[in-house]
Amino acid sequence: MAPREPSDTLVFVPAWNEGANLPAVLDELRTALAQADVLVVDDGSTDTTADVARGHGAEVLSFGENRGLREGIAAGYRFAHEHSYRFVGRVDADGQHPVEELTRLLDYVRGGECDVAVGSRFASGDGYEPFRYTSSASRRFGTALLRRALRPVLGRSFLDATSGMYAVNAKALPILAEPYGSGAPEVEALLRLRAAGLQVKEVPVHMRDRAGGESKLRGRKALQLVLTVTGTLLLYGIWHRRRGRR
Ligand SMILES: Nc1nc2c(ncn2[C@@H]2O[C@H](COP(=O)(O)OP(=O)(O)O)[C@@H](O)[C@H]2O)c(=O)[nH]1
Ligand SMILES: [Mg+2]
C-alpha cells in the first residue's frame, strides 16, 4: 500500500476497557473518514483495548493506570495540539457516535462556520425530529437540572452539554487540552470556550445505543456527577458575578 499523505485531521477516542467495541468503531472510522489519523487514549485498560487499537491501525497513548475520562480527554487534545493538527474530532469507543455524523461536524468546522461543533441528541431541525431520544428518569432529571444551571452561565441554551461527540479547530486545542478540575469535563469545556470567545455550534445528530457492556456513568456515579456539575456551575456563576463587580 502506498504511504498515506500526512493528515491535517486527528480523531481521538477515549477508551477504558473497550476492547470488544473498538474494532467496529475503528473500522467505521477507517471506512467513512479514511483521511483522518486516529488516536486511542487507553486509560489503564486491563483488557485488549491497546492491542486491538494498534491492530486496527490507530496510534495508542496508554496510561499505566486508570486516570479517569477527564484526563483522557485533555490528553487527546494535548496530543493533537503538540502534533499541530488543524482539525480534531472526538468519538466514544462504545459505538454510540456514527462517523457520518462526526463528518458533518468536521465539515462545519472546516467551513469556518464555528470553532467547535458538538453533536447533540436533543437539538432538532435539519430533518432531525424533536424528542427522538428518550432516556431514563434519572438521566432526564440530571439533564433538565444541567440545562437550567447552564443557561445563565453560558448566556444561551445548550441542550446536550455532556455530549462526547466533538469537532474542533486548532484555536480550541490549547483551551481544551488544559487539565479539567471537575468530573464534568464537557461542561467545563463549554465554559472555557465561552470565556475564550470561541464559536460553539450545537448540531443535531443521531446517536446509537452503546454496542456492548455498560455505561461507565450510571447509578451513584451519575448522581454524583449531576451534583458536581451543578456545584461547579454555581461556583462559576458566583465567581463570574464577583469578577463583573470589580
Ligand atoms: N480515558 C477514559 N475513557 C473513559 C473512562 N470512562 C469512560 N471512558 C470512555 O469515555 C466514553 C464514554 O463513556 P461511556 O461509559 O460510554 O459514558 P456514556 O456514553 O455517557 O454512557 C467511552 O468511550 C468510554 O470508553 C475513563 O476512566 N478513562
Ligand atoms: Mg457511551
# chains A, B, ... in the order shown; residues from 1 in each chain; ligands from 1
>>> residues_around(residues="range 129-141 of chain A", least_positions_apart="5", cutoff="10 Å", atoms="only C-alpha atoms", output="count of residues only")
15
>>> residues_around(residues="Arg210 in chain A", least_positions_apart="2", cutoff="7 Å", atoms="only C-alpha atoms", output="PyMOL selection string")
chain A and resi 94-96+208+212
>>> residues_near_ligand(ligand="ligand 1", cutoff="6 Å", atoms="only C-alpha atoms and all ligand atoms", output="number ranges by chain")
A: 14-16, 18, 41-43, 66-69, 72, 92-94, 215-217
>>> atom_distance(atom1="CA of Gly112 in chain A", atom2="CA of Val168 in chain A")
10.5 Å
>>> closest_residue(among="A:Asn21, A:Gln199, A:Thr232, A:Thr46", to="ligand 2", atoms="only C-alpha atoms and all ligand atoms")
A:Asn21
>>> closest_residue(among="A:Glu82, A:Leu26, A:Thr9, A:Gly76", to="His56 in chain A", atoms="only C-alpha atoms")
A:Leu26
>>> residues_around(residues="Arg148 in chain A", least_positions_apart="4", cutoff="10 Å", atoms="only C-alpha atoms", output="tab-separated table (two decimals) with N, CA and C atoms, in the first residue's frame")
chain	number	residue	atom	x	y	z
A	143	THR	N	-30.32	15.93	33.21
A	143	THR	CA	-30.19	16.78	32.02
A	143	THR	C	-30.97	18.08	32.21
A	144	ALA	N	-32.18	17.97	32.78
A	144	ALA	CA	-33.01	19.16	32.97
A	144	ALA	C	-32.34	20.13	33.94
A	152	PRO	N	-27.91	30.54	32.37
A	152	PRO	CA	-27.42	31.87	32.75
A	152	PRO	C	-25.90	31.99	32.64
A	153	VAL	N	-25.21	30.88	32.82
A	153	VAL	CA	-23.75	30.94	32.79
A	153	VAL	C	-23.23	31.04	31.35
A	157	SER	N	-29.04	28.72	25.46
A	157	SER	CA	-29.44	27.37	25.87
A	157	SER	C	-28.48	26.36	25.24
A	158	PHE	N	-28.22	25.31	25.96
A	158	PHE	CA	-27.40	24.23	25.42
A	158	PHE	C	-28.04	22.93	25.86
A	159	LEU	N	-28.49	22.13	24.89
A	159	LEU	CA	-29.37	21.01	25.22
A	159	LEU	C	-28.64	19.73	25.59
A	230	THR	N	-23.66	20.74	38.94
A	230	THR	CA	-24.47	21.85	39.40
A	230	THR	C	-23.64	22.72	40.35
>>> residues_around(residues="Gly183 in chain A", least_positions_apart="5", cutoff="9 Å", atoms="only C-alpha atoms", output="compact mmCIF listing (two decimals) with C-alpha atoms, in the first residue's frame")
# COMPACT_ATOMS: atom_id res chain seq x y z
CA GLY A 68 -10.45 8.92 34.54
CA LEU A 69 -12.15 10.32 31.46
CA ARG A 70 -11.23 13.95 32.13
CA GLU A 188 -16.09 22.73 31.85
CA GLN A 224 -22.51 12.36 41.91
CA LEU A 225 -21.79 13.87 38.52
CA THR A 228 -20.69 18.09 40.94
CA VAL A 229 -21.78 19.79 37.76
>>> residues_around(residues="Pro179 in chain A", least_positions_apart="3", cutoff="9 Å", atoms="only C-alpha atoms", output="PDB file with C-alpha atoms, in the first residue's frame")
ATOM      1  CA  ARG A  70     -11.227  13.949  32.125  1.00  0.00           C
ATOM      2  CA  GLU A  71      -7.516  13.129  31.850  1.00  0.00           C
ATOM      3  CA  ILE A  73      -9.914  13.999  27.079  1.00  0.00           C
ATOM      4  CA  ALA A  74      -7.208  16.534  27.971  1.00  0.00           C
ATOM      5  CA  ALA A  75      -4.535  14.105  26.743  1.00  0.00           C
ATOM      6  CA  LEU A 176      -9.418  22.008  25.653  1.00  0.00           C
ATOM      7  CA  PRO A 185     -15.093  17.888  31.593  1.00  0.00           C
TER       8      PRO A 185
END
>>> select_by_dssp(residues="range 110-217 of chain A", states="strand (DSSP E or B)", output="list in words")
Val116, Ala117, Val118, Gly119, Ser120, Gly125, Tyr128, Tyr166, Ala167, Val168, Asn169, Val200, Lys201, Glu202, Val203 and Pro204 of chain A
